[in-house]
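Structure file work.cif (mmCIF, C-alpha atoms) is printed below.
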```cif
data_target
#
loop_
_atom_site.label_atom_id
_atom_site.label_comp_id
_atom_site.auth_asym_id
_atom_site.auth_seq_id
_atom_site.Cartn_x
_atom_site.Cartn_y
_atom_site.Cartn_z
CA MET A 1 40.87 26.69 103.13
CA SER A 2 37.89 29.02 103.56
CA ASP A 3 34.47 27.96 102.28
CA ILE A 4 34.56 30.61 99.61
CA LYS A 5 38.01 29.64 98.43
CA ALA A 6 37.04 25.96 98.29
CA ALA A 7 33.87 26.84 96.38
CA THR A 8 35.84 29.01 93.95
CA LEU A 9 38.26 26.13 93.34
CA GLU A 10 35.33 23.83 92.60
CA TYR A 11 33.76 26.48 90.37
CA ALA A 12 36.92 27.10 88.34
CA THR A 13 37.29 23.34 87.93
CA ARG A 14 33.71 22.98 86.68
CA LEU A 15 34.14 25.76 84.15
CA GLY A 16 37.49 24.30 83.08
CA ASP A 17 35.90 20.86 82.69
CA ASP A 18 33.14 22.27 80.48
CA SER A 19 35.73 23.93 78.26
CA VAL A 20 38.19 21.07 77.95
CA VAL A 21 35.50 18.47 77.24
CA LEU A 22 33.78 20.58 74.60
CA GLY A 23 37.17 21.61 73.18
CA HIS A 24 38.20 17.98 72.85
CA ARG A 25 34.91 17.02 71.23
CA ILE A 26 35.37 19.76 68.64
CA SER A 27 38.96 18.68 68.04
CA GLU A 28 37.62 15.27 66.98
CA TRP A 29 36.49 17.02 63.79
CA VAL A 30 40.03 17.95 62.80
CA SER A 31 40.78 16.24 59.46
CA TYR A 32 37.13 15.08 59.29
CA GLY A 33 35.61 18.48 58.45
CA PRO A 34 33.27 18.65 55.47
CA PHE A 35 35.88 20.68 53.59
CA LEU A 36 39.28 22.17 54.28
CA GLU A 37 38.20 25.72 55.19
CA GLU A 38 35.64 24.49 57.72
CA ASP A 39 38.14 22.02 59.10
CA ILE A 40 40.56 24.85 59.90
CA ALA A 41 37.83 27.13 61.22
CA TYR A 42 36.35 24.57 63.59
CA GLY A 43 39.82 23.58 64.76
CA ASN A 44 40.29 27.22 65.74
CA VAL A 45 37.17 27.08 67.90
CA SER A 46 38.51 23.95 69.60
CA LEU A 47 41.73 25.77 70.44
CA ASP A 48 39.78 28.65 71.95
CA TYR A 49 38.03 26.24 74.31
CA ILE A 50 41.20 24.37 75.24
CA GLY A 51 42.88 27.72 75.92
CA ARG A 52 39.95 28.68 78.12
CA ALA A 53 40.24 25.40 80.03
CA ARG A 54 43.92 26.11 80.63
CA MET A 55 43.10 29.46 82.21
CA PHE A 56 40.45 27.96 84.50
CA TYR A 57 42.66 25.01 85.48
CA THR A 58 45.68 27.20 86.12
CA TYR A 59 43.55 29.26 88.48
CA ALA A 60 42.13 26.11 90.10
CA ALA A 61 45.66 24.80 90.64
CA GLU A 62 46.68 28.13 92.18
CA LEU A 63 43.76 27.96 94.61
CA ALA A 64 44.37 24.30 95.42
CA ALA A 65 48.05 25.03 96.14
CA ASP A 66 48.75 21.32 96.59
CA GLY A 67 51.43 20.93 93.94
CA ARG A 68 49.05 20.08 91.10
CA ASP A 69 49.19 22.02 87.85
CA GLU A 70 46.78 22.54 84.94
CA ASP A 71 47.81 19.23 83.36
CA ASP A 72 46.94 17.32 86.53
CA PHE A 73 43.45 18.76 86.40
CA ALA A 74 42.98 17.85 82.76
CA PHE A 75 44.74 14.51 82.55
CA MET A 76 44.88 12.92 86.00
CA ARG A 77 41.24 12.96 86.99
CA ASN A 78 38.75 10.18 86.14
CA ASP A 79 35.28 10.63 84.72
CA ARG A 80 33.66 10.53 88.17
CA GLU A 81 35.89 13.43 89.21
CA TYR A 82 34.97 15.49 86.15
CA ARG A 83 32.23 18.05 86.77
CA ASN A 84 31.35 19.12 83.23
CA LEU A 85 27.82 19.54 81.92
CA LEU A 86 26.61 16.42 80.11
CA LEU A 87 25.87 18.42 76.97
CA MET A 88 29.60 18.97 76.44
CA GLU A 89 30.53 15.29 76.54
CA MET A 90 28.00 13.98 74.02
CA PRO A 91 29.83 12.35 71.07
CA LYS A 92 30.46 14.53 68.05
CA GLY A 93 27.75 12.77 66.01
CA ASP A 94 27.15 14.08 62.51
CA PHE A 95 27.96 17.66 61.54
CA ALA A 96 24.43 18.90 62.26
CA TYR A 97 24.56 17.34 65.72
CA SER A 98 27.87 19.04 66.52
CA GLN A 99 26.66 22.41 65.26
CA VAL A 100 23.42 22.23 67.24
CA ARG A 101 25.33 21.36 70.41
CA GLN A 102 27.70 24.21 69.53
CA LEU A 103 24.81 26.63 69.18
CA PHE A 104 23.38 25.60 72.56
CA ALA A 105 26.80 26.06 74.18
CA ASP A 106 27.62 29.30 72.36
CA VAL A 107 24.32 30.91 73.35
CA TYR A 108 24.90 29.69 76.91
CA TYR A 109 28.27 31.43 77.03
CA THR A 110 26.79 34.50 75.36
CA VAL A 111 24.45 34.94 78.33
CA LEU A 112 26.82 33.60 81.00
CA LEU A 113 30.10 35.40 80.28
CA PRO A 114 28.87 39.01 80.63
CA GLU A 115 27.68 38.03 84.13
CA LEU A 116 31.00 36.36 84.96
CA LEU A 117 32.73 39.53 83.78
CA GLN A 118 31.06 41.29 86.74
CA SER A 119 32.58 38.81 89.20
CA LYS A 120 34.34 40.23 92.24
CA ASP A 121 37.00 37.59 91.58
CA GLU A 122 39.49 39.34 89.33
CA THR A 123 40.80 36.19 87.69
CA LEU A 124 37.37 34.86 86.76
CA SER A 125 36.45 38.29 85.46
CA ALA A 126 39.62 38.47 83.36
CA ILE A 127 39.02 35.04 81.85
CA ALA A 128 35.47 36.11 81.00
CA ALA A 129 36.76 39.26 79.30
CA LYS A 130 38.92 37.20 76.95
CA ALA A 131 36.29 34.52 76.37
CA ILE A 132 33.52 36.98 75.47
CA LYS A 133 35.32 37.97 72.28
CA GLU A 134 35.85 34.35 71.27
CA THR A 135 32.24 33.45 71.97
CA LYS A 136 30.95 36.30 69.84
CA TYR A 137 32.72 34.72 66.89
CA HIS A 138 31.76 31.13 67.82
CA LEU A 139 28.08 32.06 67.94
CA ARG A 140 28.30 33.76 64.59
CA ARG A 141 29.55 30.48 63.13
CA SER A 142 27.20 28.06 64.86
CA ARG A 143 24.21 30.31 64.20
CA ASP A 144 25.13 30.45 60.50
CA TRP A 145 25.47 26.69 60.31
CA VAL A 146 22.19 25.95 62.07
CA LEU A 147 20.41 28.39 59.73
CA ARG A 148 22.10 26.87 56.70
CA LEU A 149 21.41 23.28 57.71
CA GLY A 150 17.93 23.79 59.17
CA ASP A 151 16.75 25.82 56.22
CA GLY A 152 18.85 23.84 53.72
CA THR A 153 18.00 20.57 52.03
CA GLU A 154 15.41 18.06 53.20
CA GLU A 155 18.21 15.84 54.51
CA SER A 156 20.03 18.61 56.38
CA HIS A 157 16.75 19.84 57.89
CA LYS A 158 15.88 16.32 59.07
CA ARG A 159 19.28 15.85 60.71
CA THR A 160 19.22 19.26 62.37
CA GLN A 161 15.76 18.70 63.82
CA LYS A 162 16.82 15.26 65.05
CA ALA A 163 19.90 16.74 66.74
CA VAL A 164 17.81 19.42 68.45
CA ASP A 165 15.35 16.80 69.70
CA GLN A 166 18.14 14.52 70.95
CA LEU A 167 20.09 17.27 72.73
CA TRP A 168 17.25 19.32 74.20
CA GLY A 169 16.99 17.26 77.38
CA TYR A 170 20.66 17.90 78.13
CA THR A 171 20.27 21.69 78.12
CA HIS A 172 18.27 22.01 81.36
CA GLU A 173 21.26 21.08 83.49
CA MET A 174 23.04 24.25 82.33
CA PHE A 175 20.70 26.33 84.50
CA ASP A 176 20.83 24.27 87.70
CA MET A 177 22.25 25.74 90.90
CA ASP A 178 23.62 23.86 93.88
CA GLU A 179 24.98 24.98 97.27
CA THR A 180 28.45 25.70 95.92
CA GLU A 181 27.28 27.92 93.09
CA GLN A 182 24.63 29.58 95.26
CA LEU A 183 27.27 30.54 97.82
CA LEU A 184 29.42 32.08 95.08
CA ALA A 185 26.46 33.84 93.46
CA ASP A 186 25.53 35.35 96.84
CA GLU A 187 29.12 36.54 97.25
CA GLY A 188 29.14 38.15 93.81
CA ILE A 189 31.83 35.74 92.60
CA GLY A 190 29.83 33.21 90.61
CA VAL A 191 26.90 33.52 88.23
CA ASP A 192 23.34 32.60 89.16
CA VAL A 193 22.69 30.50 86.06
CA SER A 194 19.08 29.81 87.08
CA LYS A 195 18.33 33.38 86.00
CA LEU A 196 19.79 32.88 82.53
CA ARG A 197 17.40 30.34 81.03
CA ASP A 198 14.85 32.87 79.73
CA ALA A 199 17.49 34.81 77.82
CA TRP A 200 19.02 31.57 76.50
CA LEU A 201 15.66 30.19 75.45
CA LYS A 202 14.70 33.37 73.64
CA MET A 203 17.91 33.50 71.61
CA VAL A 204 17.82 29.79 70.79
CA THR A 205 14.11 29.92 69.89
CA ASP A 206 14.66 32.88 67.56
CA ILE A 207 17.50 31.12 65.76
CA LEU A 208 15.77 27.72 65.52
CA THR A 209 12.57 29.35 64.29
CA GLU A 210 14.46 31.21 61.60
CA ALA A 211 16.10 27.90 60.68
CA THR A 212 12.58 26.36 60.29
CA ILE A 213 13.33 24.01 63.19
CA THR A 214 10.69 23.18 65.79
CA VAL A 215 11.63 23.98 69.39
CA PRO A 216 10.98 20.81 71.42
CA GLU A 217 8.71 20.55 74.45
CA ASP A 218 10.50 20.30 77.81
CA SER A 219 9.41 16.69 78.24
CA TRP A 220 12.59 15.09 79.60
CA ALA A 221 15.83 16.14 81.24
CA VAL A 222 19.06 14.37 82.10
CA ARG A 223 21.29 15.70 84.88
CA GLY A 224 24.36 14.60 86.78
CA GLY A 225 27.46 16.17 85.26
CA ARG A 226 28.01 18.63 88.11
CA THR A 227 27.98 15.76 90.64
CA GLY A 228 30.20 13.45 88.61
CA TYR A 229 27.46 11.19 87.23
CA HIS A 230 28.19 11.12 83.54
CA THR A 231 27.01 9.34 80.44
CA GLU A 232 29.21 6.46 79.30
CA ASN A 233 30.63 8.76 76.63
CA LEU A 234 32.90 10.74 78.93
CA GLY A 235 34.94 7.75 80.09
CA HIS A 236 35.73 6.75 76.51
CA MET A 237 36.62 10.31 75.62
CA LEU A 238 38.94 10.80 78.60
CA THR A 239 40.68 7.50 77.89
CA GLU A 240 41.69 8.81 74.51
CA MET A 241 42.42 12.34 75.74
CA GLN A 242 44.54 11.24 78.71
CA ILE A 243 46.43 8.21 77.36
CA VAL A 244 49.57 10.03 76.23
CA HIS A 245 49.94 12.02 79.43
CA ARG A 246 49.31 9.01 81.65
CA SER A 247 51.68 6.79 79.68
CA ASN A 248 54.50 9.29 80.08
CA PRO A 249 54.04 10.87 83.49
CA GLY A 250 56.03 14.06 83.96
CA CYS A 251 57.29 13.98 80.37
CA LYS A 252 58.51 17.38 79.07
CA TRP A 253 58.92 18.41 75.46
CA MET B 1 37.40 15.38 51.90
CA THR B 2 34.78 14.83 49.24
CA ASN B 3 34.26 16.85 46.08
CA ILE B 4 31.96 19.16 48.03
CA THR B 5 34.29 22.05 47.22
CA GLU B 6 33.18 21.79 43.60
CA LYS B 7 29.76 22.95 44.73
CA LEU B 8 31.22 25.93 46.58
CA GLU B 9 32.31 29.27 45.18
CA LEU B 10 35.94 30.24 44.96
CA PHE B 11 36.87 33.54 46.62
CA GLU B 12 40.03 35.63 46.51
CA VAL B 13 41.14 37.02 49.85
CA PHE B 14 42.74 40.42 50.44
CA VAL B 15 44.10 41.38 53.84
CA ARG B 16 45.23 44.77 55.11
CA SER B 17 47.93 44.11 57.65
CA LYS B 18 48.09 47.59 59.18
CA ARG B 19 46.14 50.79 59.11
CA GLY B 20 47.40 52.98 56.31
CA LEU B 21 48.63 50.10 54.16
CA ASP B 22 46.85 48.66 51.13
CA HIS B 23 44.91 45.41 51.07
CA LYS B 24 47.16 42.69 49.64
CA HIS B 25 46.10 39.50 47.92
CA VAL B 26 46.95 36.60 50.24
CA GLY B 27 45.25 33.61 48.63
CA SER B 28 41.92 32.03 47.89
CA LEU B 29 39.37 29.75 49.54
CA HIS B 30 36.07 27.95 49.03
CA ALA B 31 32.86 29.10 50.67
CA GLU B 32 29.12 29.06 50.17
CA ASP B 33 28.72 32.85 50.07
CA HIS B 34 30.45 36.14 50.90
CA GLU B 35 29.58 36.00 54.58
CA GLN B 36 31.05 32.54 55.04
CA ALA B 37 34.06 33.45 52.92
CA LEU B 38 34.81 36.34 55.25
CA GLU B 39 34.71 34.03 58.27
CA TYR B 40 36.93 31.42 56.66
CA ALA B 41 39.33 34.15 55.57
CA ARG B 42 39.59 35.14 59.21
CA ASP B 43 40.34 31.55 60.20
CA CYS B 44 42.65 30.66 57.32
CA TYR B 45 44.60 33.88 56.80
CA THR B 46 44.63 35.94 60.01
CA ARG B 47 45.46 33.27 62.59
CA ARG B 48 48.69 35.00 63.54
CA SER B 49 47.27 38.51 63.83
CA GLU B 50 48.09 39.35 60.23
CA GLY B 51 45.27 41.77 59.60
CA VAL B 52 43.02 44.62 60.55
CA SER B 53 40.71 44.36 57.55
CA ILE B 54 39.68 41.64 55.11
CA TRP B 55 38.13 41.81 51.65
CA VAL B 56 36.75 38.78 49.84
CA VAL B 57 35.87 38.83 46.15
CA LYS B 58 34.39 36.05 44.05
CA SER B 59 37.18 34.81 41.83
CA SER B 60 34.73 34.73 38.92
CA ASP B 61 34.18 38.48 39.37
CA ILE B 62 37.81 39.26 38.68
CA CYS B 63 38.51 40.19 35.10
CA ALA B 64 42.17 39.49 34.46
CA SER B 65 44.41 40.56 31.60
CA GLN B 66 45.62 37.72 29.38
CA GLU B 67 49.17 36.71 28.55
CA ASP B 68 48.34 37.12 24.87
CA ASP B 69 47.53 40.77 25.47
CA ALA B 70 51.07 41.56 26.61
CA ASP B 71 52.11 42.90 23.15
CA CYS B 72 49.38 45.44 22.82
CA PHE B 73 49.08 46.21 26.54
CA TYR B 74 52.64 46.85 27.60
CA ASP B 75 55.03 47.05 24.64
CA PRO B 76 53.76 50.44 23.41
CA SER B 77 55.04 52.10 26.62
CA ASP B 78 58.57 50.81 26.02
CA ASP B 79 59.40 53.59 23.53
CA LYS B 80 57.98 56.40 25.63
CA PRO B 81 60.79 57.13 28.08
CA TYR B 82 59.43 60.65 28.57
CA ARG B 83 56.73 59.13 30.77
CA HIS B 84 59.39 58.51 33.41
CA ALA B 85 60.43 61.37 35.64
CA THR B 86 64.10 60.35 35.23
CA TYR B 87 63.91 61.27 31.53
CA TYR B 88 64.01 64.94 32.34
CA VAL B 89 67.24 66.76 33.11
CA LEU B 90 66.56 69.22 35.85
CA PRO B 91 68.14 72.65 35.78
CA ASP B 92 70.78 73.05 38.50
CA PRO B 93 68.75 75.41 40.71
CA VAL B 94 66.14 72.69 41.33
CA ASN B 95 68.68 70.03 42.26
CA ASN B 96 66.92 69.24 45.48
CA MET B 97 63.51 68.50 44.01
#
```
Would you mind writing the file's structure down as structure tokens?
Amino acid sequence: MSDIKAATLEYATRLGDDSVVLGHRISEWVSYGPFLEEDIAYGNVSLDYIGRARMFYTYAAELAADGRDEDDFAFMRNDREYRNLLLMEMPKGDFAYSQVRQLFADVYYTVLLPELLQSKDETLSAIAAKAIKETKYHLRRSRDWVLRLGDGTEESHKRTQKAVDQLWGYTHEMFDMDETEQLLADEGIGVDVSKLRDAWLKMVTDILTEATITVPEDSWAVRGGRTGYHTENLGHMLTEMQIVHRSNPGCKW
Amino acid sequence: MTNITEKLELFEVFVRSKRGLDHKHVGSLHAEDHEQALEYARDCYTRRSEGVSIWVVKSSDICASQEDDADCFYDPSDDKPYRHATYYVLPDPVNNM
């Protein structure tokens, strides 16, 4: 396998991991939403992310060409093999916490996907084209919620600020580059995420400011997701997510 | 689910399924305001590509006729068959109208 092909396989897996982990975290809200309409709406967002993961994993499996399929990527890898950003695996927390994480992720995809759309890799570009439309809607929702909660009651403001403070240190990793991603960026296949932070920060700052939330100082940062060093949360999440598949290997229905 | 929905407004949802057709009432939902109602309408009523346009209206803004009004609203038209086109016998030459 050529270096570029191997890097693309790794890249598709990373993007798939981000999507499936966040999608699963959102799905944990199903039947726990604050009210029925929101429960359905947030479930829809979860499905968008899981659908996105399927596209990335299917492509990864095609590149790997070793007999694995999308399900093997999602269900047969352990936490140390997962390469998702730590932000995505944080537990769902309270509703403010989930919506703040959602806002950080949605703004990230808002700046990332238009770049991925320009990829010389036709499959990655096609996935980006579909995902851009979904993200436009996701951001509309998470932005609305952060505004509502931040500029809402004393309690909702307090919880939203707390969530922002707790999650801020996990956002820096989103803009890290390593050899694999640098190679793909140089080839015009991957996105140079290190160039996206300014745009991300501006959008997030505008929204948080409007929501009367204070943007934290960059005083700490946690990293490791892209190299397989995760928080303890991912292992617990994967156990639940993978149990059915692993208990019934090869089961069809 | 708590009684949080009691604090929300009720909205009626109208969806136009195709260009050229009318908006049809499809149901109702709870939301904080019009903007949120529109988003929930998208998620609750157009999940299977049912629509090209959505209207949401506060249920409290709809003024509906009452059952009790049936006598004075509708009965008076019952004895006015001439308001129906079929009442009129057309002369033979315009058979194909």
Can you pull out the residues contacting A:Asp178? Cut-off 9 Å, using only C-alpha atoms, and skip same-chain residues under 4 positions away; I want them as a PyMOL selection string.
chain A and resi 182-183+226
As JSON: centre and edge lengths in Å, one decimal, of the axis-aligned box holding stretch 31-44 of chain B with 5 Å per side:
```
{"center_x": 35.7, "center_y": 32.7, "center_z": 55.1, "size_x": 23.9, "size_y": 17.3, "size_z": 20.1}
```
Hey, list the chain A side of the contact with chain B: 10 Å cut-off, all atoms listed in the file, answer as number ranges by chain.
A: 31-45, 137, 140-141, 144-145, 148
Output C-alpha atoms of each residue in that selection to a file, as a tab-separated table (two decimals), in the coordinates of the input.
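Written output follows (again_38.tsv):
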```
chain	number	residue	atom	x	y	z
A	31	SER	CA	40.78	16.24	59.46
A	32	TYR	CA	37.13	15.08	59.29
A	33	GLY	CA	35.61	18.48	58.45
A	34	PRO	CA	33.27	18.65	55.47
A	35	PHE	CA	35.88	20.68	53.59
A	36	LEU	CA	39.28	22.17	54.28
A	37	GLU	CA	38.20	25.72	55.19
A	38	GLU	CA	35.64	24.49	57.72
A	39	ASP	CA	38.14	22.02	59.10
A	40	ILE	CA	40.56	24.85	59.90
A	41	ALA	CA	37.83	27.13	61.22
A	42	TYR	CA	36.35	24.57	63.59
A	43	GLY	CA	39.82	23.58	64.76
A	44	ASN	CA	40.29	27.22	65.74
A	45	VAL	CA	37.17	27.08	67.90
A	137	TYR	CA	32.72	34.72	66.89
A	140	ARG	CA	28.30	33.76	64.59
A	141	ARG	CA	29.55	30.48	63.13
A	144	ASP	CA	25.13	30.45	60.50
A	145	TRP	CA	25.47	26.69	60.31
A	148	ARG	CA	22.10	26.87	56.70
```
Translate the PyMOL selection byres ((chain A and resi 66-81) around 10) into a concrete residue list for this structure, as a PyMOL selection string.
chain A and resi 13+16-17+20-21+53-65+82-84+225-239+241-246+249-250
In Å, with one decimal, what is the gap from atom CA of A:Val146 to atom CA of B:Val15?
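Interatomic distance here is 28.0 Å.
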Nearest-residue call for A:Gly224, choices A:Leu86, A:Ala105, A:Cys251, A:Ala126, using only C-alpha atoms
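Closest to A:Gly224 of all the choices is A:Leu86.
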Extract, using all atoms listed in the file, all DNA, RNA and protein residues at most 8 Å from stretch 152-169 of chain A, discarding same-chain residues fewer than 3 positions from it, and format them as a PyMOL selection string.
chain A and resi 87+96-97+100-101+146-149+172+213-216+218-222
Suppose we keep C-alpha atoms; can you now write the selection as a PDB file, in the coordinates of the input?
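Result file is selection_37.pdb:
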```pdb
ATOM      1  CA  LEU A  87      25.870  18.420  76.970  1.00  0.00           C
ATOM      2  CA  ALA A  96      24.430  18.900  62.260  1.00  0.00           C
ATOM      3  CA  TYR A  97      24.560  17.340  65.720  1.00  0.00           C
ATOM      4  CA  VAL A 100      23.420  22.230  67.240  1.00  0.00           C
ATOM      5  CA  ARG A 101      25.330  21.360  70.410  1.00  0.00           C
ATOM      6  CA  VAL A 146      22.190  25.950  62.070  1.00  0.00           C
ATOM      7  CA  LEU A 147      20.410  28.390  59.730  1.00  0.00           C
ATOM      8  CA  ARG A 148      22.100  26.870  56.700  1.00  0.00           C
ATOM      9  CA  LEU A 149      21.410  23.280  57.710  1.00  0.00           C
ATOM     10  CA  HIS A 172      18.270  22.010  81.360  1.00  0.00           C
ATOM     11  CA  ILE A 213      13.330  24.010  63.190  1.00  0.00           C
ATOM     12  CA  THR A 214      10.690  23.180  65.790  1.00  0.00           C
ATOM     13  CA  VAL A 215      11.630  23.980  69.390  1.00  0.00           C
ATOM     14  CA  PRO A 216      10.980  20.810  71.420  1.00  0.00           C
ATOM     15  CA  ASP A 218      10.500  20.300  77.810  1.00  0.00           C
ATOM     16  CA  SER A 219       9.410  16.690  78.240  1.00  0.00           C
ATOM     17  CA  TRP A 220      12.590  15.090  79.600  1.00  0.00           C
ATOM     18  CA  ALA A 221      15.830  16.140  81.240  1.00  0.00           C
ATOM     19  CA  VAL A 222      19.060  14.370  82.100  1.00  0.00           C
TER      20      VAL A 222
END
```
